[in-house]
Amino acid sequence: RGGKDTNCAGSQLNVSLCPIYESCIPKCIPMHCTFNAWSEWQEPTCVGLCERRRAIGNMNNDCGDPCAGSLLETKRCLSNCQQPRDCSFSEWSNWSECPGGAVSAYSQRTRNIIQLPENDGNPCVGPLSESRDCSLASVADCLLGEWSLWSECSQPCGTGYKSRNRAVAREAANGGNQCFGTLEELELCVQSPDCSFVSKR
């Protein structure tokens with residue numbers, strides 16, 4: 001306690017907590033976790049299990065509910081490793097050509113096994129090759145098609161050429177005769193008027 005001649009100098013600050021009102025706190029809007037749709041069931045493995053999967057589509061926020069459930073499901077399936085598979089052949093190849101002029105010759109065709117039997121499947125029954133007497137095979141000679149129409153003359157005036165063509169309609173088979181003759185023909189053509197007359201016009 002000072003005397004009557006003592007002077008006070010300085011400042012005084014009082015600090016206290018303010019009351020918190022609920023309306024001032026931002027509310028959390030819940031966003032719940034969601035799954036995507038399940039995938040299709042996959043092919044079974046050799047242990048006889050099929051599985052399907054799904055993924056999380058949307059994650060939850062702080063006030064949302066988390067996802068509950070698995071991302072993978074399995075079930076019992078009949079696997080392909082356990083199913084019986086029968087043996088199977090490929091298609092027959094074409095008959096081989098018969099050599100022309102041979103007194104005694106054979107034509108042959110073949111096929112292959114494309115699937116071996118599995119899990120007690122039925123075996124293949126039948127030969128992998130066949131042969132036949134060429135005298136029994138149908139002999140086919142080469143055959144040319146009809147001539148096309150003549151083309152237009154290659155020159156608008158004077159002398160040029162025009163052409164026509166044909167194609168092989170059937171190839172020779174089993175020793176048949178080959179085609180002889182050209183597949184294209186050319187022929188001179190004379191157009192009028194004379195080209196010198198045309199150039200002067």
# chains A, B, ... in the order shown; residues from 1 in each chain; ligands from 1

call {"tool": "residues_around", "arguments": {"residues": "Gln108 in chain A", "least_positions_apart": "4", "cutoff": "8 Å", "atoms": "only C-alpha atoms", "output": "number ranges by chain"}}
result
A: 95-96, 129-132

call {"tool": "write_last_selection", "arguments": {"atoms": "C-alpha atoms", "output": "short mmCIF file (atom, residue, chain, number, x, y, z; two decimals), in the first residue's frame"}}
result
data_model
loop_
_atom_site.label_atom_id
_atom_site.label_comp_id
_atom_site.auth_asym_id
_atom_site.auth_seq_id
_atom_site.Cartn_x
_atom_site.Cartn_y
_atom_site.Cartn_z
CA TRP A 95 -8.15 -85.72 -102.30
CA SER A 96 -4.61 -85.58 -103.69
CA SER A 129 -6.02 -91.43 -93.87
CA GLU A 130 -8.00 -92.85 -96.78
CA SER A 131 -6.96 -93.83 -100.30
CA ARG A 132 -8.90 -94.66 -103.45
#

call {"tool": "select_by_dssp", "arguments": {"residues": "chain A", "states": "alpha helix (DSSP H)", "output": "list in words"}}
result
Cys195, Ser196, Phe197, Val198, Ser199 and Lys200 of chain A

call {"tool": "residues_around", "arguments": {"residues": "Cys67 in chain A", "least_positions_apart": "5", "cutoff": "10 Å", "atoms": "only C-alpha atoms", "output": "VMD selection string"}}
result
chain A and resid 32 to 35 56 to 60

call {"tool": "write_last_selection", "arguments": {"atoms": "C-alpha atoms", "output": "mmCIF file, in the first residue's frame"}}
result
data_model
loop_
_atom_site.group_PDB
_atom_site.id
_atom_site.type_symbol
_atom_site.label_atom_id
_atom_site.label_comp_id
_atom_site.auth_asym_id
_atom_site.auth_seq_id
_atom_site.Cartn_x
_atom_site.Cartn_y
_atom_site.Cartn_z
ATOM 1 C CA HIS A 32 -22.127 -43.717 -46.639
ATOM 2 C CA CYS A 33 -19.838 -46.230 -48.286
ATOM 3 C CA THR A 34 -21.326 -48.053 -51.294
ATOM 4 C CA PHE A 35 -20.278 -51.055 -53.378
ATOM 5 C CA ILE A 56 -15.978 -50.030 -53.429
ATOM 6 C CA GLY A 57 -17.714 -47.382 -55.495
ATOM 7 C CA ASN A 58 -17.790 -44.544 -52.932
ATOM 8 C CA MET A 59 -15.922 -44.219 -49.634
ATOM 9 C CA ASN A 60 -17.710 -42.930 -46.545
#

call {"tool": "residues_around", "arguments": {"residues": "range 41-47 of chain A", "least_positions_apart": "6", "cutoff": "12 Å", "atoms": "only C-alpha atoms", "output": "ChimeraX atom specification"}}
result
/A:53-54,72-83

call {"tool": "select_by_dssp", "arguments": {"residues": "range 22-123 of chain A", "states": "strand (DSSP E)", "output": "list in words"}}
result
Thr34, Phe35, Leu49, Cys50, Glu51, Arg52, Arg53, Ile56, Gly57, Asn58, Leu72, Glu73, Thr74, Lys75, Arg76, Ser88, Phe89, Tyr106, Ser107, Gln108, Arg109, Thr110, Ile113, Ile114 and Gln115 of chain A

call {"tool": "residues_around", "arguments": {"residues": "range 110-126 of chain A", "least_positions_apart": "2", "cutoff": "6 Å", "atoms": "only C-alpha atoms", "output": "PDB file with all heavy atoms, in the first residue's frame"}}
result
ATOM      1  N   PRO A  84     -15.966 -84.721 -68.818  1.00  0.00           N
ATOM      2  CA  PRO A  84     -15.390 -85.591 -69.853  1.00  0.00           C
ATOM      3  C   PRO A  84     -15.370 -84.907 -71.213  1.00  0.00           C
ATOM      4  O   PRO A  84     -16.302 -84.180 -71.569  1.00  0.00           O
ATOM      5  CB  PRO A  84     -16.323 -86.814 -69.853  1.00  0.00           C
ATOM      6  CG  PRO A  84     -17.572 -86.362 -69.200  1.00  0.00           C
ATOM      7  CD  PRO A  84     -17.230 -85.241 -68.282  1.00  0.00           C
ATOM      8  N   ARG A  85     -14.292 -85.105 -71.956  1.00  0.00           N
ATOM      9  CA  ARG A  85     -14.145 -84.577 -73.304  1.00  0.00           C
ATOM     10  C   ARG A  85     -13.869 -85.728 -74.259  1.00  0.00           C
ATOM     11  O   ARG A  85     -12.949 -86.509 -74.033  1.00  0.00           O
ATOM     12  CB  ARG A  85     -13.015 -83.558 -73.383  1.00  0.00           C
ATOM     13  CG  ARG A  85     -13.299 -82.252 -72.656  1.00  0.00           C
ATOM     14  CD  ARG A  85     -12.219 -81.233 -72.922  1.00  0.00           C
ATOM     15  NE  ARG A  85     -12.500 -79.951 -72.304  1.00  0.00           N
ATOM     16  CZ  ARG A  85     -11.727 -78.866 -72.426  1.00  0.00           C
ATOM     17  NH1 ARG A  85     -10.619 -78.944 -73.154  1.00  0.00           N
ATOM     18  NH2 ARG A  85     -12.060 -77.740 -71.842  1.00  0.00           N
ATOM     19  N   ASP A  86     -14.693 -85.802 -75.294  1.00  0.00           N
ATOM     20  CA  ASP A  86     -14.516 -86.859 -76.282  1.00  0.00           C
ATOM     21  C   ASP A  86     -13.420 -86.483 -77.274  1.00  0.00           C
ATOM     22  O   ASP A  86     -13.172 -85.309 -77.550  1.00  0.00           O
ATOM     23  CB  ASP A  86     -15.824 -87.102 -77.042  1.00  0.00           C
ATOM     24  CG  ASP A  86     -16.935 -87.593 -76.122  1.00  0.00           C
ATOM     25  OD1 ASP A  86     -16.611 -88.182 -75.074  1.00  0.00           O
ATOM     26  OD2 ASP A  86     -18.120 -87.388 -76.466  1.00  0.00           O
ATOM     27  N   CYS A  87     -12.808 -87.498 -77.818  1.00  0.00           N
ATOM     28  CA  CYS A  87     -11.831 -87.297 -78.888  1.00  0.00           C
ATOM     29  C   CYS A  87     -12.564 -86.795 -80.138  1.00  0.00           C
ATOM     30  O   CYS A  87     -13.711 -87.167 -80.397  1.00  0.00           O
ATOM     31  CB  CYS A  87     -11.114 -88.606 -79.183  1.00  0.00           C
ATOM     32  SG  CYS A  87      -9.925 -88.531 -80.543  1.00  0.00           S
ATOM     33  N   SER A  88     -11.911 -85.913 -80.911  1.00  0.00           N
ATOM     34  CA  SER A  88     -12.537 -85.398 -82.132  1.00  0.00           C
ATOM     35  C   SER A  88     -11.498 -85.249 -83.238  1.00  0.00           C
ATOM     36  O   SER A  88     -10.314 -85.002 -82.973  1.00  0.00           O
ATOM     37  CB  SER A  88     -13.226 -84.058 -81.864  1.00  0.00           C
ATOM     38  OG  SER A  88     -12.299 -83.110 -81.389  1.00  0.00           O
ATOM     39  N   PHE A  89     -11.988 -85.411 -84.479  1.00  0.00           N
ATOM     40  CA  PHE A  89     -11.144 -85.300 -85.670  1.00  0.00           C
ATOM     41  C   PHE A  89     -11.297 -83.921 -86.299  1.00  0.00           C
ATOM     42  O   PHE A  89     -12.313 -83.235 -86.117  1.00  0.00           O
ATOM     43  CB  PHE A  89     -11.556 -86.342 -86.728  1.00  0.00           C
ATOM     44  CG  PHE A  89     -11.220 -87.764 -86.366  1.00  0.00           C
ATOM     45  CD1 PHE A  89     -12.227 -88.667 -86.059  1.00  0.00           C
ATOM     46  CD2 PHE A  89      -9.907 -88.198 -86.341  1.00  0.00           C
ATOM     47  CE1 PHE A  89     -11.939 -89.980 -85.740  1.00  0.00           C
ATOM     48  CE2 PHE A  89      -9.605 -89.517 -86.022  1.00  0.00           C
ATOM     49  CZ  PHE A  89     -10.621 -90.403 -85.722  1.00  0.00           C
ATOM     50  N   SER A  90     -10.305 -83.552 -87.118  1.00  0.00           N
ATOM     51  CA  SER A  90     -10.435 -82.401 -87.998  1.00  0.00           C
ATOM     52  C   SER A  90     -11.213 -82.823 -89.245  1.00  0.00           C
ATOM     53  O   SER A  90     -11.541 -84.005 -89.430  1.00  0.00           O
ATOM     54  CB  SER A  90      -9.055 -81.880 -88.395  1.00  0.00           C
ATOM     55  OG  SER A  90      -8.372 -82.847 -89.195  1.00  0.00           O
ATOM     56  N   TRP A  92     -11.716 -83.724 -93.201  1.00  0.00           N
ATOM     57  CA  TRP A  92     -10.869 -84.400 -94.184  1.00  0.00           C
ATOM     58  C   TRP A  92     -10.245 -83.371 -95.123  1.00  0.00           C
ATOM     59  O   TRP A  92     -10.878 -82.378 -95.489  1.00  0.00           O
ATOM     60  CB  TRP A  92     -11.683 -85.403 -95.010  1.00  0.00           C
ATOM     61  CG  TRP A  92     -12.019 -86.692 -94.308  1.00  0.00           C
ATOM     62  CD1 TRP A  92     -13.223 -87.047 -93.800  1.00  0.00           C
ATOM     63  CD2 TRP A  92     -11.127 -87.782 -94.052  1.00  0.00           C
ATOM     64  NE1 TRP A  92     -13.159 -88.290 -93.231  1.00  0.00           N
ATOM     65  CE2 TRP A  92     -11.884 -88.771 -93.370  1.00  0.00           C
ATOM     66  CE3 TRP A  92      -9.791 -88.024 -94.310  1.00  0.00           C
ATOM     67  CZ2 TRP A  92     -11.334 -89.986 -92.967  1.00  0.00           C
ATOM     68  CZ3 TRP A  92      -9.234 -89.231 -93.912  1.00  0.00           C
ATOM     69  CH2 TRP A  92      -9.998 -90.201 -93.245  1.00  0.00           C
ATOM     70  N   SER A  93      -8.994 -83.621 -95.523  1.00  0.00           N
ATOM     71  CA  SER A  93      -8.361 -82.779 -96.538  1.00  0.00           C
ATOM     72  C   SER A  93      -8.934 -83.130 -97.911  1.00  0.00           C
ATOM     73  O   SER A  93      -9.663 -84.122 -98.058  1.00  0.00           O
ATOM     74  CB  SER A  93      -6.843 -82.994 -96.535  1.00  0.00           C
ATOM     75  OG  SER A  93      -6.529 -84.323 -96.947  1.00  0.00           O
ATOM     76  N   LEU A 128      -6.990 -92.205 -89.920  1.00  0.00           N
ATOM     77  CA  LEU A 128      -6.477 -90.862 -90.141  1.00  0.00           C
ATOM     78  C   LEU A 128      -6.181 -90.599 -91.611  1.00  0.00           C
ATOM     79  O   LEU A 128      -5.892 -89.455 -91.975  1.00  0.00           O
ATOM     80  CB  LEU A 128      -5.201 -90.632 -89.315  1.00  0.00           C
ATOM     81  CG  LEU A 128      -5.360 -90.661 -87.789  1.00  0.00           C
ATOM     82  CD1 LEU A 128      -4.018 -90.455 -87.115  1.00  0.00           C
ATOM     83  CD2 LEU A 128      -6.354 -89.597 -87.335  1.00  0.00           C
ATOM     84  N   SER A 129      -6.239 -91.615 -92.438  1.00  0.00           N
ATOM     85  CA  SER A 129      -6.015 -91.428 -93.869  1.00  0.00           C
ATOM     86  C   SER A 129      -6.880 -92.405 -94.650  1.00  0.00           C
ATOM     87  O   SER A 129      -7.239 -93.480 -94.147  1.00  0.00           O
ATOM     88  CB  SER A 129      -4.534 -91.631 -94.224  1.00  0.00           C
ATOM     89  OG  SER A 129      -4.134 -92.969 -93.968  1.00  0.00           O
TER      90      SER A 129
END

call {"tool": "residues_around", "arguments": {"residues": "range 181-183 of chain A", "least_positions_apart": "3", "cutoff": "7 Å", "atoms": "only C-alpha atoms", "output": "list in words"}}
result
Asn165, Arg166 and Ala167 of chain A

call {"tool": "write_last_selection", "arguments": {"atoms": "C-alpha atoms", "output": "PDB file, in the first residue's frame"}}
result
ATOM      1  CA  ASN A 165     -10.732 -61.648-122.162  1.00  0.00           C
ATOM      2  CA  ARG A 166     -11.892 -64.847-120.542  1.00  0.00           C
ATOM      3  CA  ALA A 167     -11.070 -66.783-117.359  1.00  0.00           C
TER       4      ALA A 167
END

call {"tool": "residues_around", "arguments": {"residues": "Glu171 in chain A", "least_positions_apart": "6", "cutoff": "10 Å", "atoms": "only C-alpha atoms", "output": "compact mmCIF listing (two decimals) with N, CA and C atoms, in the first residue's frame"}}
result
# COMPACT_ATOMS: atom_id res chain seq x y z
N ALA A 140 -11.54 -84.58 -114.37
CA ALA A 140 -12.13 -83.32 -114.83
C ALA A 140 -11.09 -82.57 -115.65
N ASP A 141 -11.47 -82.23 -116.90
CA ASP A 141 -10.59 -81.42 -117.74
C ASP A 141 -10.75 -79.95 -117.40
N CYS A 142 -9.69 -79.20 -117.68
CA CYS A 142 -9.75 -77.74 -117.50
C CYS A 142 -10.77 -77.17 -118.47
N LEU A 143 -11.50 -76.16 -118.03
CA LEU A 143 -12.55 -75.56 -118.85
C LEU A 143 -12.41 -74.05 -118.82
N LEU A 144 -12.38 -73.45 -120.03
CA LEU A 144 -12.30 -72.01 -120.15
C LEU A 144 -13.69 -71.39 -120.21
N ASN A 177 -7.12 -83.02 -118.57
CA ASN A 177 -6.34 -82.21 -119.49
C ASN A 177 -6.29 -80.75 -119.03
N GLN A 178 -5.10 -80.16 -119.21
CA GLN A 178 -4.94 -78.76 -118.87
C GLN A 178 -5.54 -77.87 -119.96
N CYS A 179 -5.83 -76.62 -119.59
CA CYS A 179 -6.37 -75.66 -120.55
C CYS A 179 -5.28 -75.19 -121.50

call {"tool": "closest_residue", "arguments": {"among": "A:Arg170, A:Asp133, A:Cys189, A:Asn61", "to": "Trp150 in chain A", "atoms": "only C-alpha atoms"}}
result
A:Cys189

call {"tool": "atom_distance", "arguments": {"atom1": "CA of Leu71 in chain A", "atom2": "CA of Cys50 in chain A"}}
result
14.2 Å

call {"tool": "atom_distance", "arguments": {"atom1": "CA of Glu146 in chain A", "atom2": "CA of Phe180 in chain A"}}
result
14.0 Å

call {"tool": "atom_distance", "arguments": {"atom1": "CA of Tyr161 in chain A", "atom2": "CA of Ser148 in chain A"}}
result
15.5 Å

call {"tool": "decode", "arguments": {"residues": "range 57-169 of chain A", "atoms": "C-alpha atoms", "output": "mmCIF file, in the first residue's frame"}}
result
data_model
loop_
_atom_site.group_PDB
_atom_site.id
_atom_site.type_symbol
_atom_site.label_atom_id
_atom_site.label_comp_id
_atom_site.auth_asym_id
_atom_site.auth_seq_id
_atom_site.Cartn_x
_atom_site.Cartn_y
_atom_site.Cartn_z
ATOM 1 C CA GLY A 57 -17.714 -47.382 -55.495
ATOM 2 C CA ASN A 58 -17.790 -44.544 -52.932
ATOM 3 C CA MET A 59 -15.922 -44.219 -49.634
ATOM 4 C CA ASN A 60 -17.710 -42.930 -46.545
ATOM 5 C CA ASN A 61 -16.871 -39.605 -44.868
ATOM 6 C CA ASP A 62 -16.296 -38.984 -41.143
ATOM 7 C CA CYS A 63 -19.944 -39.301 -40.194
ATOM 8 C CA GLY A 64 -20.928 -41.873 -42.836
ATOM 9 C CA ASP A 65 -21.222 -45.619 -42.384
ATOM 10 C CA PRO A 66 -18.346 -47.782 -43.696
ATOM 11 C CA CYS A 67 -18.964 -50.620 -46.148
ATOM 12 C CA ALA A 68 -19.805 -53.958 -44.598
ATOM 13 C CA GLY A 69 -19.291 -57.084 -46.670
ATOM 14 C CA SER A 70 -16.674 -58.944 -48.680
ATOM 15 C CA LEU A 71 -15.132 -57.968 -52.008
ATOM 16 C CA LEU A 72 -14.856 -61.607 -53.135
ATOM 17 C CA GLU A 73 -17.367 -64.476 -53.237
ATOM 18 C CA THR A 74 -16.817 -68.095 -54.211
ATOM 19 C CA LYS A 75 -19.090 -71.036 -54.915
ATOM 20 C CA ARG A 76 -18.773 -74.662 -55.955
ATOM 21 C CA CYS A 77 -18.794 -75.250 -59.743
ATOM 22 C CA LEU A 78 -18.271 -78.213 -62.023
ATOM 23 C CA SER A 79 -14.864 -77.447 -63.501
ATOM 24 C CA ASN A 80 -13.875 -78.103 -67.086
ATOM 25 C CA CYS A 81 -11.016 -80.160 -65.740
ATOM 26 C CA GLN A 82 -13.579 -82.643 -64.420
ATOM 27 C CA GLN A 83 -15.958 -82.747 -67.389
ATOM 28 C CA PRO A 84 -15.390 -85.591 -69.853
ATOM 29 C CA ARG A 85 -14.145 -84.577 -73.304
ATOM 30 C CA ASP A 86 -14.516 -86.859 -76.282
ATOM 31 C CA CYS A 87 -11.831 -87.297 -78.888
ATOM 32 C CA SER A 88 -12.537 -85.398 -82.132
ATOM 33 C CA PHE A 89 -11.144 -85.300 -85.670
ATOM 34 C CA SER A 90 -10.435 -82.401 -87.998
ATOM 35 C CA GLU A 91 -12.164 -82.185 -91.377
ATOM 36 C CA TRP A 92 -10.869 -84.400 -94.184
ATOM 37 C CA SER A 93 -8.361 -82.779 -96.538
ATOM 38 C CA ASN A 94 -9.021 -82.651 -100.271
ATOM 39 C CA TRP A 95 -8.152 -85.725 -102.302
ATOM 40 C CA SER A 96 -4.612 -85.582 -103.686
ATOM 41 C CA GLU A 97 -4.144 -85.271 -107.446
ATOM 42 C CA CYS A 98 -3.944 -88.448 -109.496
ATOM 43 C CA PRO A 99 -0.770 -88.607 -111.608
ATOM 44 C CA GLY A 100 -1.644 -88.395 -115.304
ATOM 45 C CA GLY A 101 -0.933 -91.467 -117.431
ATOM 46 C CA ALA A 102 -0.343 -93.817 -114.494
ATOM 47 C CA VAL A 103 -1.567 -97.356 -115.052
ATOM 48 C CA SER A 104 -2.182 -97.965 -111.361
ATOM 49 C CA ALA A 105 -2.275 -95.026 -108.950
ATOM 50 C CA TYR A 106 -4.068 -93.969 -105.824
ATOM 51 C CA SER A 107 -5.362 -90.683 -104.470
ATOM 52 C CA GLN A 108 -5.186 -89.965 -100.734
ATOM 53 C CA ARG A 109 -6.759 -87.696 -98.158
ATOM 54 C CA THR A 110 -5.935 -87.248 -94.455
ATOM 55 C CA ARG A 111 -7.282 -85.826 -91.214
ATOM 56 C CA ASN A 112 -5.852 -85.163 -87.742
ATOM 57 C CA ILE A 113 -6.911 -85.575 -84.120
ATOM 58 C CA ILE A 114 -7.632 -82.113 -82.738
ATOM 59 C CA GLN A 115 -8.895 -83.167 -79.295
ATOM 60 C CA LEU A 116 -7.615 -86.111 -77.272
ATOM 61 C CA PRO A 117 -10.077 -87.786 -74.864
ATOM 62 C CA GLU A 118 -9.995 -86.466 -71.288
ATOM 63 C CA ASN A 119 -11.666 -87.548 -68.047
ATOM 64 C CA ASP A 120 -13.077 -90.807 -69.429
ATOM 65 C CA GLY A 121 -14.213 -89.224 -72.695
ATOM 66 C CA ASN A 122 -14.873 -91.413 -75.740
ATOM 67 C CA PRO A 123 -11.850 -92.251 -77.907
ATOM 68 C CA CYS A 124 -11.648 -91.431 -81.625
ATOM 69 C CA VAL A 125 -12.813 -94.241 -83.893
ATOM 70 C CA GLY A 126 -11.744 -94.256 -87.527
ATOM 71 C CA PRO A 127 -8.664 -93.925 -89.743
ATOM 72 C CA LEU A 128 -6.477 -90.862 -90.141
ATOM 73 C CA SER A 129 -6.015 -91.428 -93.869
ATOM 74 C CA GLU A 130 -8.004 -92.854 -96.778
ATOM 75 C CA SER A 131 -6.964 -93.826 -100.298
ATOM 76 C CA ARG A 132 -8.896 -94.657 -103.449
ATOM 77 C CA ASP A 133 -8.126 -95.981 -106.876
ATOM 78 C CA CYS A 134 -7.605 -93.147 -109.322
ATOM 79 C CA SER A 135 -9.632 -95.064 -111.880
ATOM 80 C CA LEU A 136 -12.641 -94.521 -109.637
ATOM 81 C CA ALA A 137 -11.958 -90.806 -109.194
ATOM 82 C CA SER A 138 -13.775 -88.468 -111.512
ATOM 83 C CA VAL A 139 -11.409 -86.975 -114.079
ATOM 84 C CA ALA A 140 -12.128 -83.322 -114.829
ATOM 85 C CA ASP A 141 -10.588 -81.422 -117.741
ATOM 86 C CA CYS A 142 -9.749 -77.740 -117.496
ATOM 87 C CA LEU A 143 -12.547 -75.564 -118.851
ATOM 88 C CA LEU A 144 -12.296 -72.006 -120.146
ATOM 89 C CA GLY A 145 -15.094 -69.515 -119.697
ATOM 90 C CA GLU A 146 -16.839 -67.497 -122.383
ATOM 91 C CA TRP A 147 -15.183 -64.516 -124.043
ATOM 92 C CA SER A 148 -16.211 -61.106 -122.759
ATOM 93 C CA LEU A 149 -17.488 -58.396 -125.126
ATOM 94 C CA TRP A 150 -14.928 -56.385 -127.068
ATOM 95 C CA SER A 151 -13.776 -53.232 -125.310
ATOM 96 C CA GLU A 152 -13.992 -49.768 -126.816
ATOM 97 C CA CYS A 153 -11.237 -48.766 -129.242
ATOM 98 C CA SER A 154 -8.183 -47.367 -127.442
ATOM 99 C CA GLN A 155 -8.026 -44.324 -129.769
ATOM 100 C CA PRO A 156 -10.829 -41.841 -130.476
ATOM 101 C CA CYS A 157 -9.596 -41.454 -134.065
ATOM 102 C CA GLY A 158 -7.251 -43.248 -136.437
ATOM 103 C CA THR A 159 -5.912 -46.709 -135.601
ATOM 104 C CA GLY A 160 -6.004 -48.262 -132.130
ATOM 105 C CA TYR A 161 -6.799 -51.608 -130.581
ATOM 106 C CA LYS A 162 -9.591 -53.265 -128.648
ATOM 107 C CA SER A 163 -9.468 -56.289 -126.342
ATOM 108 C CA ARG A 164 -11.541 -59.059 -124.851
ATOM 109 C CA ASN A 165 -10.732 -61.648 -122.162
ATOM 110 C CA ARG A 166 -11.892 -64.847 -120.542
ATOM 111 C CA ALA A 167 -11.070 -66.783 -117.359
ATOM 112 C CA VAL A 168 -10.552 -70.389 -116.302
ATOM 113 C CA ALA A 169 -13.971 -71.665 -115.273
#
